[in-house]
file structure_25.cif (mmCIF, C-alpha atoms and all ligand atoms)
data_my_file
loop_
_atom_site.label_atom_id
_atom_site.label_comp_id
_atom_site.auth_asym_id
_atom_site.auth_seq_id
_atom_site.Cartn_x
_atom_site.Cartn_y
_atom_site.Cartn_z
CA MET K 1 83.68 199.50 -98.88
CA THR K 2 87.21 198.14 -98.53
CA PRO K 3 88.04 195.91 -101.52
CA LEU K 4 89.63 192.47 -101.20
CA PRO K 5 93.38 192.72 -100.58
CA THR K 6 95.74 192.59 -103.57
CA MET K 7 97.38 189.59 -101.89
CA SER K 8 96.88 187.62 -98.69
CA TYR K 9 100.21 186.10 -97.89
CA LEU K 10 101.15 186.07 -94.20
CA THR K 11 98.89 189.10 -93.94
CA ASP K 12 96.54 191.21 -96.07
CA ILE K 13 98.50 193.38 -98.46
CA TYR K 14 96.94 196.31 -100.31
CA LEU K 15 99.33 197.29 -103.06
CA GLU K 16 98.35 199.92 -105.60
CA ARG K 17 98.69 203.59 -106.30
CA GLY K 18 96.35 205.43 -103.98
CA ALA K 19 95.95 202.42 -101.63
CA VAL K 20 96.23 204.83 -98.68
CA GLN K 21 92.53 205.57 -99.25
CA TYR K 22 91.74 202.16 -97.67
CA VAL K 23 93.19 202.99 -94.25
CA ALA K 24 90.00 204.51 -92.82
CA GLY K 25 87.80 201.65 -94.09
CA LEU K 26 90.12 198.96 -92.71
CA LEU K 27 90.16 200.52 -89.24
CA SER K 28 86.40 200.79 -89.27
CA ASP K 29 86.06 197.17 -90.51
CA TRP K 30 88.14 196.15 -87.49
CA GLY K 31 85.91 198.18 -85.16
CA CYS K 32 88.74 200.53 -84.15
CA GLN K 33 87.72 204.03 -83.20
CA ARG K 34 90.79 205.58 -81.60
CA PRO K 35 93.89 204.70 -83.61
CA LEU K 36 97.31 205.97 -82.61
CA VAL K 37 99.47 206.98 -85.57
CA VAL K 38 103.13 206.20 -84.89
CA THR K 39 105.33 208.36 -87.10
CA ASP K 40 108.07 210.99 -87.23
CA ARG K 41 107.99 214.79 -87.26
CA GLY K 42 109.22 215.01 -90.86
CA LEU K 43 106.24 213.04 -92.15
CA VAL K 44 103.80 215.09 -90.10
CA LYS K 45 105.25 218.25 -91.68
CA LEU K 46 104.99 216.75 -95.16
CA GLY K 47 101.27 216.13 -94.57
CA GLY K 48 101.66 212.35 -94.34
CA VAL K 49 99.22 212.00 -91.44
CA ASP K 50 96.58 214.07 -93.28
CA ARG K 51 96.82 211.68 -96.24
CA LEU K 52 95.62 208.83 -94.00
CA GLY K 53 92.22 210.52 -93.92
CA ILE K 54 91.46 209.47 -90.34
CA GLU K 55 90.83 211.09 -87.00
CA ALA K 56 93.71 209.91 -84.89
CA VAL K 57 95.98 210.60 -81.97
CA VAL K 58 99.54 211.13 -83.25
CA TYR K 59 102.85 210.12 -81.71
CA ASP K 60 105.54 211.80 -83.84
CA GLY K 61 108.66 211.01 -81.81
CA VAL K 62 110.08 208.19 -83.95
CA GLU K 63 113.74 208.57 -84.89
CA THR K 64 115.95 206.39 -87.04
CA ASN K 65 117.03 203.32 -85.01
CA PRO K 66 114.18 203.63 -82.47
CA THR K 67 114.78 203.16 -78.76
CA GLU K 68 113.08 201.67 -75.70
CA ASP K 69 112.56 205.23 -74.37
CA GLN K 70 110.57 206.12 -77.48
CA ALA K 71 108.54 202.92 -77.09
CA ARG K 72 107.70 203.88 -73.50
CA SER K 73 106.64 207.42 -74.32
CA CYS K 74 104.57 206.15 -77.23
CA LEU K 75 102.94 203.60 -74.90
CA GLU K 76 102.04 206.43 -72.51
CA VAL K 77 100.20 208.26 -75.29
CA PHE K 78 98.42 205.03 -76.30
CA ARG K 79 97.20 204.49 -72.73
CA ARG K 80 96.51 208.14 -71.93
CA ASP K 81 94.25 208.53 -74.96
CA ASP K 82 92.68 205.11 -74.59
CA CYS K 83 93.70 204.08 -78.11
CA ASP K 84 92.54 200.81 -79.67
CA ALA K 85 94.81 200.37 -82.72
CA LEU K 86 98.26 201.28 -84.01
CA VAL K 87 98.86 202.80 -87.43
CA ALA K 88 102.57 202.83 -88.27
CA LEU K 89 103.31 205.47 -90.89
CA GLY K 90 106.92 205.70 -92.07
CA GLY K 91 109.92 203.51 -92.64
CA GLY K 92 111.04 200.44 -90.72
CA SER K 93 111.74 202.56 -87.63
CA SER K 94 108.08 203.59 -87.25
CA ILE K 95 106.76 200.11 -87.96
CA ASP K 96 109.21 198.41 -85.59
CA LEU K 97 108.51 200.93 -82.85
CA ALA K 98 104.75 200.37 -83.23
CA LYS K 99 105.33 196.60 -82.95
CA CYS K 100 107.28 197.05 -79.71
CA VAL K 101 104.57 199.33 -78.33
CA GLY K 102 102.13 196.54 -79.20
CA ILE K 103 104.18 194.11 -77.10
CA LEU K 104 104.14 196.52 -74.15
CA VAL K 105 100.37 197.07 -74.44
CA GLY K 106 99.79 193.33 -74.10
CA HIS K 107 102.63 192.33 -71.75
CA GLU K 108 104.47 193.35 -68.60
CA GLY K 109 107.80 195.14 -69.25
CA PRO K 110 110.71 195.41 -69.52
CA LEU K 111 111.04 194.80 -73.25
CA GLU K 112 114.34 192.96 -72.83
CA ARG K 113 112.47 189.85 -71.61
CA TYR K 114 110.90 189.44 -75.05
CA ALA K 115 114.11 189.74 -77.14
CA ILE K 116 115.00 186.78 -79.37
CA LEU K 117 118.41 186.41 -77.75
CA HIS K 118 116.77 186.14 -74.30
CA GLY K 119 114.45 183.37 -75.47
CA GLY K 120 111.59 185.88 -75.59
CA MET K 121 109.71 184.60 -78.63
CA PRO K 122 107.29 182.26 -76.75
CA LYS K 123 106.69 184.96 -74.11
CA ILE K 124 104.98 187.14 -76.71
CA GLN K 125 101.66 185.35 -76.43
CA ASN K 126 98.92 187.78 -75.41
CA PRO K 127 96.75 189.55 -77.96
CA LEU K 128 98.30 192.79 -79.27
CA PRO K 129 96.35 195.81 -80.52
CA PRO K 130 95.70 195.61 -84.28
CA LEU K 131 98.56 197.13 -86.26
CA LEU K 132 98.13 198.67 -89.69
CA ALA K 133 101.44 199.30 -91.46
CA VAL K 134 101.63 202.11 -93.99
CA PRO K 135 105.22 202.19 -95.25
CA THR K 136 106.57 205.38 -96.82
CA THR K 137 109.88 203.79 -97.78
CA ALA K 138 110.56 200.63 -99.78
CA GLY K 139 113.10 198.79 -97.71
CA SER K 140 112.56 197.29 -94.28
CA GLY K 141 109.91 194.72 -95.19
CA SER K 142 108.67 195.19 -91.64
CA GLU K 143 105.17 195.81 -93.06
CA VAL K 144 104.87 192.04 -93.60
CA GLY K 145 107.58 190.76 -91.28
CA ARG K 146 107.27 189.13 -87.88
CA ALA K 147 110.37 190.86 -86.50
CA ALA K 148 111.05 194.22 -84.88
CA LEU K 149 114.36 195.79 -83.92
CA LEU K 150 114.84 198.25 -81.12
CA THR K 151 117.78 199.67 -79.19
CA LEU K 152 117.24 198.90 -75.51
CA THR K 153 118.20 201.14 -72.60
CA SER K 154 121.22 198.83 -72.13
CA GLY K 155 122.52 200.09 -75.51
CA ASP K 156 122.01 196.76 -77.30
CA LYS K 157 120.07 196.69 -80.55
CA MET K 158 117.80 193.69 -80.01
CA GLY K 159 115.46 191.76 -82.26
CA PHE K 160 111.93 190.66 -81.29
CA LEU K 161 110.22 187.89 -83.17
CA SER K 162 106.70 186.51 -83.11
CA PRO K 163 103.95 185.76 -85.61
CA LEU K 164 101.85 188.13 -83.45
CA LEU K 165 104.09 190.99 -84.62
CA ILE K 166 102.99 190.65 -88.24
CA PRO K 167 100.80 193.70 -88.99
CA LYS K 168 97.11 192.88 -89.43
CA ALA K 169 97.32 194.57 -92.83
CA ALA K 170 99.92 196.38 -94.91
CA VAL K 171 98.76 199.30 -97.03
CA CYS K 172 101.53 199.76 -99.59
CA ASP K 173 101.00 202.84 -101.69
CA PRO K 174 103.91 203.57 -104.05
CA GLU K 175 102.78 207.21 -104.21
CA LEU K 176 103.76 207.59 -100.54
CA THR K 177 107.37 206.75 -101.46
CA VAL K 178 107.90 209.31 -104.26
CA SER K 179 109.02 212.12 -101.96
CA LEU K 180 111.81 210.01 -100.48
CA PRO K 181 115.14 211.77 -101.32
CA PRO K 182 117.75 209.94 -103.48
CA GLY K 183 120.11 208.98 -100.62
CA LEU K 184 117.33 207.34 -98.61
CA THR K 185 115.79 205.78 -101.71
CA ALA K 186 119.13 204.11 -102.43
CA GLY K 187 119.80 203.13 -98.79
CA THR K 188 116.34 201.72 -98.08
CA GLY K 189 116.26 199.99 -101.48
CA MET K 190 119.58 198.29 -100.73
CA ASP K 191 118.12 197.13 -97.39
CA ALA K 192 115.31 195.40 -99.30
CA ILE K 193 117.79 193.89 -101.77
CA SER K 194 120.03 192.69 -98.94
CA HIS K 195 117.01 190.98 -97.33
CA CYS K 196 116.39 189.08 -100.58
CA VAL K 197 120.07 188.07 -100.86
CA GLU K 198 120.49 187.08 -97.22
CA ALA K 199 117.18 185.23 -96.95
CA PHE K 200 118.02 183.29 -100.12
CA CYS K 201 121.47 182.35 -98.73
CA SER K 202 120.13 181.54 -95.23
CA THR K 203 120.86 177.98 -94.14
CA ARG K 204 117.22 177.19 -93.28
CA PHE K 205 115.24 175.04 -95.69
CA ASN K 206 112.40 177.01 -97.23
CA PRO K 207 112.24 176.80 -101.03
CA VAL K 208 109.02 178.85 -101.03
CA ALA K 209 110.81 181.77 -99.40
CA ASP K 210 113.75 181.23 -101.78
CA ALA K 211 111.54 181.73 -104.82
CA ILE K 212 110.09 184.91 -103.33
CA ALA K 213 113.57 186.20 -102.48
CA LEU K 214 114.84 185.68 -106.02
CA ASP K 215 111.85 187.48 -107.51
CA GLY K 216 112.34 190.41 -105.11
CA LEU K 217 116.06 190.52 -105.90
CA VAL K 218 115.46 190.89 -109.63
CA ARG K 219 112.78 193.57 -109.20
CA GLY K 220 114.99 195.54 -106.81
CA CYS K 221 118.16 195.33 -108.90
CA ASN K 222 116.28 196.29 -112.05
CA HIS K 223 114.72 199.41 -110.59
CA ILE K 224 116.81 200.82 -107.74
CA LEU K 225 118.90 203.01 -110.04
CA SER K 226 115.98 204.49 -111.92
CA VAL K 227 114.01 205.42 -108.77
CA THR K 228 117.13 206.90 -107.16
CA GLU K 229 117.78 209.04 -110.23
CA ASN K 230 114.14 209.85 -110.86
CA GLY K 231 112.03 209.79 -107.69
CA GLY K 232 108.81 210.29 -109.68
CA ASP K 233 109.18 206.98 -111.56
CA LEU K 234 106.01 205.45 -110.17
CA GLU K 235 106.36 202.15 -111.96
CA GLY K 236 109.87 201.76 -110.54
CA ARG K 237 108.59 202.81 -107.11
CA SER K 238 105.93 200.05 -107.29
CA GLU K 239 108.63 197.51 -108.15
CA MET K 240 110.72 198.67 -105.17
CA VAL K 241 107.66 198.37 -102.90
CA LEU K 242 107.36 194.77 -104.14
CA CYS K 243 111.06 194.15 -103.53
CA SER K 244 110.59 195.36 -99.95
CA LEU K 245 107.49 193.20 -99.44
CA GLU K 246 109.14 190.14 -100.93
CA GLY K 247 112.28 190.67 -98.85
CA GLY K 248 110.04 190.85 -95.77
CA LEU K 249 108.13 187.71 -96.75
CA ALA K 250 111.38 185.84 -97.45
CA PHE K 251 113.31 186.77 -94.31
CA GLN K 252 111.03 184.51 -92.36
CA LYS K 253 113.87 182.05 -93.03
CA GLY K 254 116.50 184.23 -91.43
CA LEU K 255 119.19 186.67 -92.54
CA GLY K 256 122.98 186.62 -92.28
CA ALA K 257 126.29 188.39 -91.84
CA VAL K 258 125.31 191.67 -93.53
CA HIS K 259 122.69 192.25 -90.85
CA SER K 260 124.88 190.83 -88.06
CA LEU K 261 127.57 193.40 -88.89
CA SER K 262 125.16 196.26 -89.28
CA HIS K 263 123.05 195.82 -86.12
CA PRO K 264 125.73 196.73 -83.51
CA LEU K 265 126.46 199.94 -85.46
CA GLY K 266 122.77 200.80 -85.61
CA ALA K 267 122.77 200.65 -81.80
CA PHE K 268 124.78 203.92 -81.75
CA THR K 269 121.54 205.85 -81.70
CA GLU K 270 123.23 209.25 -81.42
CA ARG K 271 125.09 208.65 -84.71
CA GLY K 272 121.90 207.88 -86.64
CA LEU K 273 123.68 205.47 -89.01
CA HIS K 274 121.25 204.33 -91.67
CA HIS K 275 120.58 200.57 -91.53
CA GLY K 276 120.17 200.05 -95.28
CA THR K 277 123.19 202.16 -96.16
CA LEU K 278 125.31 200.07 -93.78
CA ASN K 279 123.94 196.89 -95.35
CA ALA K 280 124.79 198.09 -98.86
CA LEU K 281 128.34 198.71 -97.73
CA PHE K 282 128.77 195.25 -96.16
CA LEU K 283 127.06 193.29 -98.95
CA PRO K 284 129.99 192.86 -101.42
CA ALA K 285 132.45 191.83 -98.67
CA VAL K 286 129.97 189.36 -97.17
CA LEU K 287 129.22 187.83 -100.58
CA ARG K 288 132.96 187.22 -101.05
CA PHE K 289 133.22 185.76 -97.54
CA ASN K 290 130.23 183.45 -98.06
CA PHE K 291 130.93 182.58 -101.68
CA ASP K 292 132.36 179.08 -101.29
CA ALA K 293 129.78 178.12 -98.66
CA CYS K 294 126.93 178.31 -101.19
CA PRO K 295 128.30 178.57 -104.74
CA GLU K 296 125.08 177.22 -106.29
CA LYS K 297 123.04 179.96 -104.67
CA MET K 298 125.51 182.61 -105.84
CA LYS K 299 125.18 181.18 -109.35
CA ALA K 300 121.38 181.21 -109.13
CA MET K 301 121.25 184.86 -108.02
CA ALA K 302 123.73 186.00 -110.66
CA GLY K 303 121.96 183.92 -113.31
CA ARG K 304 118.66 185.69 -112.58
CA LEU K 305 120.48 189.01 -112.95
CA GLY K 306 122.09 187.92 -116.21
CA PHE K 307 125.74 187.27 -115.39
CA CYS K 308 128.12 184.68 -113.85
CA GLY K 309 128.18 183.81 -110.15
CA ASN K 310 131.68 185.06 -109.41
CA GLU K 311 130.77 188.53 -110.67
CA LEU K 312 128.17 189.01 -107.92
CA PRO K 313 130.32 190.88 -105.35
CA GLU K 314 131.67 193.27 -108.01
CA TYR K 315 128.16 193.80 -109.34
CA PHE K 316 127.01 195.12 -105.96
CA GLU K 317 130.19 197.19 -105.59
CA ARG K 318 129.46 198.90 -108.89
CA LEU K 319 125.78 199.30 -108.01
CA ASN K 320 126.65 201.00 -104.70
CA GLU K 321 128.98 203.34 -106.55
CA ARG K 322 126.35 204.30 -109.10
CA LEU K 323 123.86 204.87 -106.29
CA GLY K 324 126.30 207.25 -104.62
CA LEU K 325 126.48 205.11 -101.46
CA PRO K 326 129.59 205.06 -99.24
CA LYS K 327 132.33 202.50 -99.89
CA THR K 328 133.91 202.59 -96.44
CA LEU K 329 132.84 202.95 -92.84
CA ALA K 330 135.24 205.90 -92.63
CA GLU K 331 133.00 207.76 -95.09
CA MET K 332 130.21 207.32 -92.52
CA GLY K 333 132.42 208.88 -89.86
CA LEU K 334 133.49 205.62 -88.20
CA THR K 335 136.97 204.66 -87.03
CA ALA K 336 138.68 201.36 -86.18
CA GLU K 337 138.51 202.25 -82.45
CA VAL K 338 134.72 202.46 -82.64
CA VAL K 339 134.06 199.53 -84.97
CA GLU K 340 136.54 196.81 -84.03
CA PRO K 341 135.31 196.22 -80.45
CA LEU K 342 131.88 195.37 -81.93
CA ALA K 343 133.08 192.21 -83.70
CA GLU K 344 132.02 189.85 -80.87
CA LYS K 345 128.61 191.49 -80.67
CA ALA K 346 128.16 191.03 -84.41
CA ALA K 347 129.09 187.35 -84.14
CA GLY K 348 126.50 186.91 -81.38
CA ASP K 349 123.74 188.71 -83.31
CA HIS K 350 120.47 186.83 -83.86
CA CYS K 351 121.13 186.85 -87.65
CA SER K 352 124.49 185.04 -87.40
CA PRO K 353 123.25 181.42 -86.99
CA THR K 354 121.63 181.40 -90.46
CA ASN K 355 124.64 182.84 -92.32
CA PRO K 356 125.84 180.19 -94.79
CA ARG K 357 129.39 180.29 -93.39
CA ALA K 358 130.12 180.10 -89.65
CA LEU K 359 130.61 183.58 -88.19
CA ASP K 360 132.82 184.07 -85.16
CA GLY K 361 134.35 187.19 -83.68
CA ALA K 362 137.52 186.86 -85.77
CA ALA K 363 135.54 186.59 -89.00
CA CYS K 364 133.45 189.64 -88.10
CA LEU K 365 136.57 191.61 -87.22
CA ALA K 366 138.14 190.74 -90.58
CA LEU K 367 134.93 191.79 -92.37
CA TYR K 368 134.78 195.10 -90.49
CA ARG K 369 138.44 195.75 -91.33
CA GLU K 370 137.82 195.04 -95.00
CA VAL K 371 135.40 197.96 -95.26
CA LEU K 372 136.99 200.41 -92.81
ZN ZN Q 1 117.43 195.08 -92.95
#

call {"tool": "encode", "arguments": {"input": "structure_25.cif", "output": "structure tokens", "more": "lines below"}}
Ligand SMILES: [Zn+2]
result
Amino acid sequence: MTPLPTMSYLTDIYLERGAVQYVAGLLSDWGCQRPLVVTDRGLVKLGGVDRLGIEAVVYDGVETNPTEDQARSCLEVFRRDDCDALVALGGGSSIDLAKCVGILVGHEGPLERYAILHGGMPKIQNPLPPLLAVPTTAGSGSEVGRAALLTLTSGDKMGFLSPLLIPKAAVCDPELTVSLPPGLTAGTGMDAISHCVEAFCSTRFNPVADAIALDGLVRGCNHILSVTENGGDLEGRSEMVLCSLEGGLAFQKGLGAVHSLSHPLGAFTERGLHHGTLNALFLPAVLRFNFDACPEKMKAMAGRLGFCGNELPEYFERLNERLGLPKTLAEMGLTAEVVEPLAEKAAGDHCSPTNPRALDGAACLALYREVL
């Protein structure tokens, strides 16, 4: 029998070592008989799908920064095999793709109609197939979040938002994250940490989310180095899983400039730029940019980490360095010609309105130039 969830907060969360054993029972409790596992080839090879312990149809075409094309081919498999549930196994890319497939199962296309920036939130209103999220990274928070990001055929990386996109349950098993290599552990971990920072600094009023964000921030900052250096540190892995969950619970109140700057770069699907690694790179510059707009919040974050507010940007600079993450966009193969024209897109991103300091094209351009 499936036990009671560890927590029920926005959705049912199963968080413990070996929690993956509950996947089969949950699907059967929901009356689902033909789940579609949405994942990537690497995880299939590593035996990830076998660990779910279920009979399932598998779509393994997820790539980093998923696209509308992938959503359509995944939808075809869902319909062809008459599936009745989605099991997203992987990082944020797999979970977000499964959410978008869910939208397409319940609604007429094209996906663009449902994007936040096209006023699509209220149009996501029909029932979606039940989604079970089984994250294998600790970063995106998508396992408990109501958002999904996808690069559309137009080339724009768009956000989709609806309470209906929150997975019906999240099975968070720290053991599934131990095989994540150091670079991805650091990059995904910094994504989770940046969610906590940006949600906390968001201009929307939500002190409940603020408390969650601060807790996630401390857990993440205290453990990201140890899990990057020693992937088998299961206690640290559990703390990072919590940081990811808490970041996802907190970003209900919106994100900010770090994500605004990173989204247009993530839309270059052929470059495969890692979302969390980009966020880590932008975080110190954005903290400096935002500093005077919310000095009390900077002080509160630094205080929880044990130092003074004005040391916060340098703290993250040093952390990135120790994690072996890039310091400049050039190190990720990007040039001014590629990056600078994206400044207006960044300013218009759905995360910009909740940044504590107004973000226009000129501000985004200056921020891009600072880290080129
Ligand atoms: Zn993120």

call {"tool": "closest_residue", "arguments": {"input": "structure_25.cif", "among": "K:Cys32, K:Ile224, K:Ala213, K:Val44", "to": "K:Lys253", "atoms": "all atoms listed in the file"}}
result
K:Ala213

call {"tool": "atom_distance", "arguments": {"input": "structure_25.cif", "atom1": "atom CA of K:Val339", "atom2": "atom CA of K:Arg318"}}
result
24.4 Å

call {"tool": "residues_around", "arguments": {"input": "structure_25.cif", "residues": "stretch 305-308 of chain K", "least_positions_apart": "2", "cutoff": "12 Å", "atoms": "all atoms listed in the file", "output": "JSON, numbers by chain"}}
result
{"K": [214, 215, 216, 217, 218, 219, 220, 221, 222, 295, 296, 297, 298, 299, 300, 301, 302, 303, 310, 311, 312, 313, 314, 315, 316]}

call {"tool": "write_last_selection", "arguments": {"input": "structure_25.cif", "atoms": "C-alpha atoms", "output": "PDB file, in the frame of the given file"}}
result
ATOM      1  CA  LEU K 214     114.840 185.680-106.020  1.00  0.00           C
ATOM      2  CA  ASP K 215     111.850 187.480-107.510  1.00  0.00           C
ATOM      3  CA  GLY K 216     112.340 190.410-105.110  1.00  0.00           C
ATOM      4  CA  LEU K 217     116.060 190.520-105.900  1.00  0.00           C
ATOM      5  CA  VAL K 218     115.460 190.890-109.630  1.00  0.00           C
ATOM      6  CA  ARG K 219     112.780 193.570-109.200  1.00  0.00           C
ATOM      7  CA  GLY K 220     114.990 195.540-106.810  1.00  0.00           C
ATOM      8  CA  CYS K 221     118.160 195.330-108.900  1.00  0.00           C
ATOM      9  CA  ASN K 222     116.280 196.290-112.050  1.00  0.00           C
ATOM     10  CA  PRO K 295     128.300 178.570-104.740  1.00  0.00           C
ATOM     11  CA  GLU K 296     125.080 177.220-106.290  1.00  0.00           C
ATOM     12  CA  LYS K 297     123.040 179.960-104.670  1.00  0.00           C
ATOM     13  CA  MET K 298     125.510 182.610-105.840  1.00  0.00           C
ATOM     14  CA  LYS K 299     125.180 181.180-109.350  1.00  0.00           C
ATOM     15  CA  ALA K 300     121.380 181.210-109.130  1.00  0.00           C
ATOM     16  CA  MET K 301     121.250 184.860-108.020  1.00  0.00           C
ATOM     17  CA  ALA K 302     123.730 186.000-110.660  1.00  0.00           C
ATOM     18  CA  GLY K 303     121.960 183.920-113.310  1.00  0.00           C
ATOM     19  CA  ASN K 310     131.680 185.060-109.410  1.00  0.00           C
ATOM     20  CA  GLU K 311     130.770 188.530-110.670  1.00  0.00           C
ATOM     21  CA  LEU K 312     128.170 189.010-107.920  1.00  0.00           C
ATOM     22  CA  PRO K 313     130.320 190.880-105.350  1.00  0.00           C
ATOM     23  CA  GLU K 314     131.670 193.270-108.010  1.00  0.00           C
ATOM     24  CA  TYR K 315     128.160 193.800-109.340  1.00  0.00           C
ATOM     25  CA  PHE K 316     127.010 195.120-105.960  1.00  0.00           C
TER      26      PHE K 316
END

call {"tool": "closest_residue", "arguments": {"input": "structure_25.cif", "among": "K:Asp69, K:Glu76, K:Asp84, K:Glu344", "to": "K:Leu27", "atoms": "all atoms listed in the file"}}
result
K:Asp84

call {"tool": "residues_near_ligand", "arguments": {"input": "structure_25.cif", "ligand": "ligand ZN 1 (chain Q)", "cutoff": "7 Å", "atoms": "all atoms listed in the file", "output": "list in words"}}
result
Ser140, Asp191, Ala192, Ser194, His195, His259, His275 and Gly276 of chain K

call {"tool": "closest_residue", "arguments": {"input": "structure_25.cif", "among": "K:Val227, K:Leu52, K:Leu117, K:Val38", "to": "K:Gly189", "atoms": "only C-alpha atoms"}}
result
K:Val227

call {"tool": "residues_near_point", "arguments": {"input": "structure_25.cif", "point": "(121.1, 198.8, -101.3)", "cutoff": "12 Å", "atoms": "all atoms listed in the file", "output": "PyMOL selection string"}}
result
chain K and resi 138-140+182-197+217+220-221+223-225+228+240+243-244+258+274-284+315-327

call {"tool": "write_last_selection", "arguments": {"input": "structure_25.cif", "atoms": "C-alpha atoms", "output": "PDB file, in the coordinates of the input"}}
result
ATOM      1  CA  ALA K 138     110.560 200.630 -99.780  1.00  0.00           C
ATOM      2  CA  GLY K 139     113.100 198.790 -97.710  1.00  0.00           C
ATOM      3  CA  SER K 140     112.560 197.290 -94.280  1.00  0.00           C
ATOM      4  CA  PRO K 182     117.750 209.940-103.480  1.00  0.00           C
ATOM      5  CA  GLY K 183     120.110 208.980-100.620  1.00  0.00           C
ATOM      6  CA  LEU K 184     117.330 207.340 -98.610  1.00  0.00           C
ATOM      7  CA  THR K 185     115.790 205.780-101.710  1.00  0.00           C
ATOM      8  CA  ALA K 186     119.130 204.110-102.430  1.00  0.00           C
ATOM      9  CA  GLY K 187     119.800 203.130 -98.790  1.00  0.00           C
ATOM     10  CA  THR K 188     116.340 201.720 -98.080  1.00  0.00           C
ATOM     11  CA  GLY K 189     116.260 199.990-101.480  1.00  0.00           C
ATOM     12  CA  MET K 190     119.580 198.290-100.730  1.00  0.00           C
ATOM     13  CA  ASP K 191     118.120 197.130 -97.390  1.00  0.00           C
ATOM     14  CA  ALA K 192     115.310 195.400 -99.300  1.00  0.00           C
ATOM     15  CA  ILE K 193     117.790 193.890-101.770  1.00  0.00           C
ATOM     16  CA  SER K 194     120.030 192.690 -98.940  1.00  0.00           C
ATOM     17  CA  HIS K 195     117.010 190.980 -97.330  1.00  0.00           C
ATOM     18  CA  CYS K 196     116.390 189.080-100.580  1.00  0.00           C
ATOM     19  CA  VAL K 197     120.070 188.070-100.860  1.00  0.00           C
ATOM     20  CA  LEU K 217     116.060 190.520-105.900  1.00  0.00           C
ATOM     21  CA  GLY K 220     114.990 195.540-106.810  1.00  0.00           C
ATOM     22  CA  CYS K 221     118.160 195.330-108.900  1.00  0.00           C
ATOM     23  CA  HIS K 223     114.720 199.410-110.590  1.00  0.00           C
ATOM     24  CA  ILE K 224     116.810 200.820-107.740  1.00  0.00           C
ATOM     25  CA  LEU K 225     118.900 203.010-110.040  1.00  0.00           C
ATOM     26  CA  THR K 228     117.130 206.900-107.160  1.00  0.00           C
ATOM     27  CA  MET K 240     110.720 198.670-105.170  1.00  0.00           C
ATOM     28  CA  CYS K 243     111.060 194.150-103.530  1.00  0.00           C
ATOM     29  CA  SER K 244     110.590 195.360 -99.950  1.00  0.00           C
ATOM     30  CA  VAL K 258     125.310 191.670 -93.530  1.00  0.00           C
ATOM     31  CA  HIS K 274     121.250 204.330 -91.670  1.00  0.00           C
ATOM     32  CA  HIS K 275     120.580 200.570 -91.530  1.00  0.00           C
ATOM     33  CA  GLY K 276     120.170 200.050 -95.280  1.00  0.00           C
ATOM     34  CA  THR K 277     123.190 202.160 -96.160  1.00  0.00           C
ATOM     35  CA  LEU K 278     125.310 200.070 -93.780  1.00  0.00           C
ATOM     36  CA  ASN K 279     123.940 196.890 -95.350  1.00  0.00           C
ATOM     37  CA  ALA K 280     124.790 198.090 -98.860  1.00  0.00           C
ATOM     38  CA  LEU K 281     128.340 198.710 -97.730  1.00  0.00           C
ATOM     39  CA  PHE K 282     128.770 195.250 -96.160  1.00  0.00           C
ATOM     40  CA  LEU K 283     127.060 193.290 -98.950  1.00  0.00           C
ATOM     41  CA  PRO K 284     129.990 192.860-101.420  1.00  0.00           C
ATOM     42  CA  TYR K 315     128.160 193.800-109.340  1.00  0.00           C
ATOM     43  CA  PHE K 316     127.010 195.120-105.960  1.00  0.00           C
ATOM     44  CA  GLU K 317     130.190 197.190-105.590  1.00  0.00           C
ATOM     45  CA  ARG K 318     129.460 198.900-108.890  1.00  0.00           C
ATOM     46  CA  LEU K 319     125.780 199.300-108.010  1.00  0.00           C
ATOM     47  CA  ASN K 320     126.650 201.000-104.700  1.00  0.00           C
ATOM     48  CA  GLU K 321     128.980 203.340-106.550  1.00  0.00           C
ATOM     49  CA  ARG K 322     126.350 204.300-109.100  1.00  0.00           C
ATOM     50  CA  LEU K 323     123.860 204.870-106.290  1.00  0.00           C
ATOM     51  CA  GLY K 324     126.300 207.250-104.620  1.00  0.00           C
ATOM     52  CA  LEU K 325     126.480 205.110-101.460  1.00  0.00           C
ATOM     53  CA  PRO K 326     129.590 205.060 -99.240  1.00  0.00           C
ATOM     54  CA  LYS K 327     132.330 202.500 -99.890  1.00  0.00           C
TER      55      LYS K 327
END

call {"tool": "atom_distance", "arguments": {"input": "structure_25.cif", "atom1": "atom CA of K:Thr354", "atom2": "atom CA of K:Tyr368"}}
result
19.0 Å

call {"tool": "residues_near_point", "arguments": {"input": "structure_25.cif", "point": "(103.8, 203.6, -105.3)", "cutoff": "12 Å", "atoms": "all atoms listed in the file", "output": "PyMOL selection string"}}
result
chain K and resi 14-20+134-138+171-180+227+231-242+244

call {"tool": "atom_distance", "arguments": {"input": "structure_25.cif", "atom1": "atom CA of K:Leu26", "atom2": "atom CA of K:Arg72"}}
result
26.5 Å

call {"tool": "residues_around", "arguments": {"input": "structure_25.cif", "residues": "K:Phe251", "least_positions_apart": "2", "cutoff": "10 Å", "atoms": "all atoms listed in the file", "output": "PyMOL selection string"}}
result
chain K and resi 141-142+144-147+195-200+202+209-210+212-213+246-249+253-256
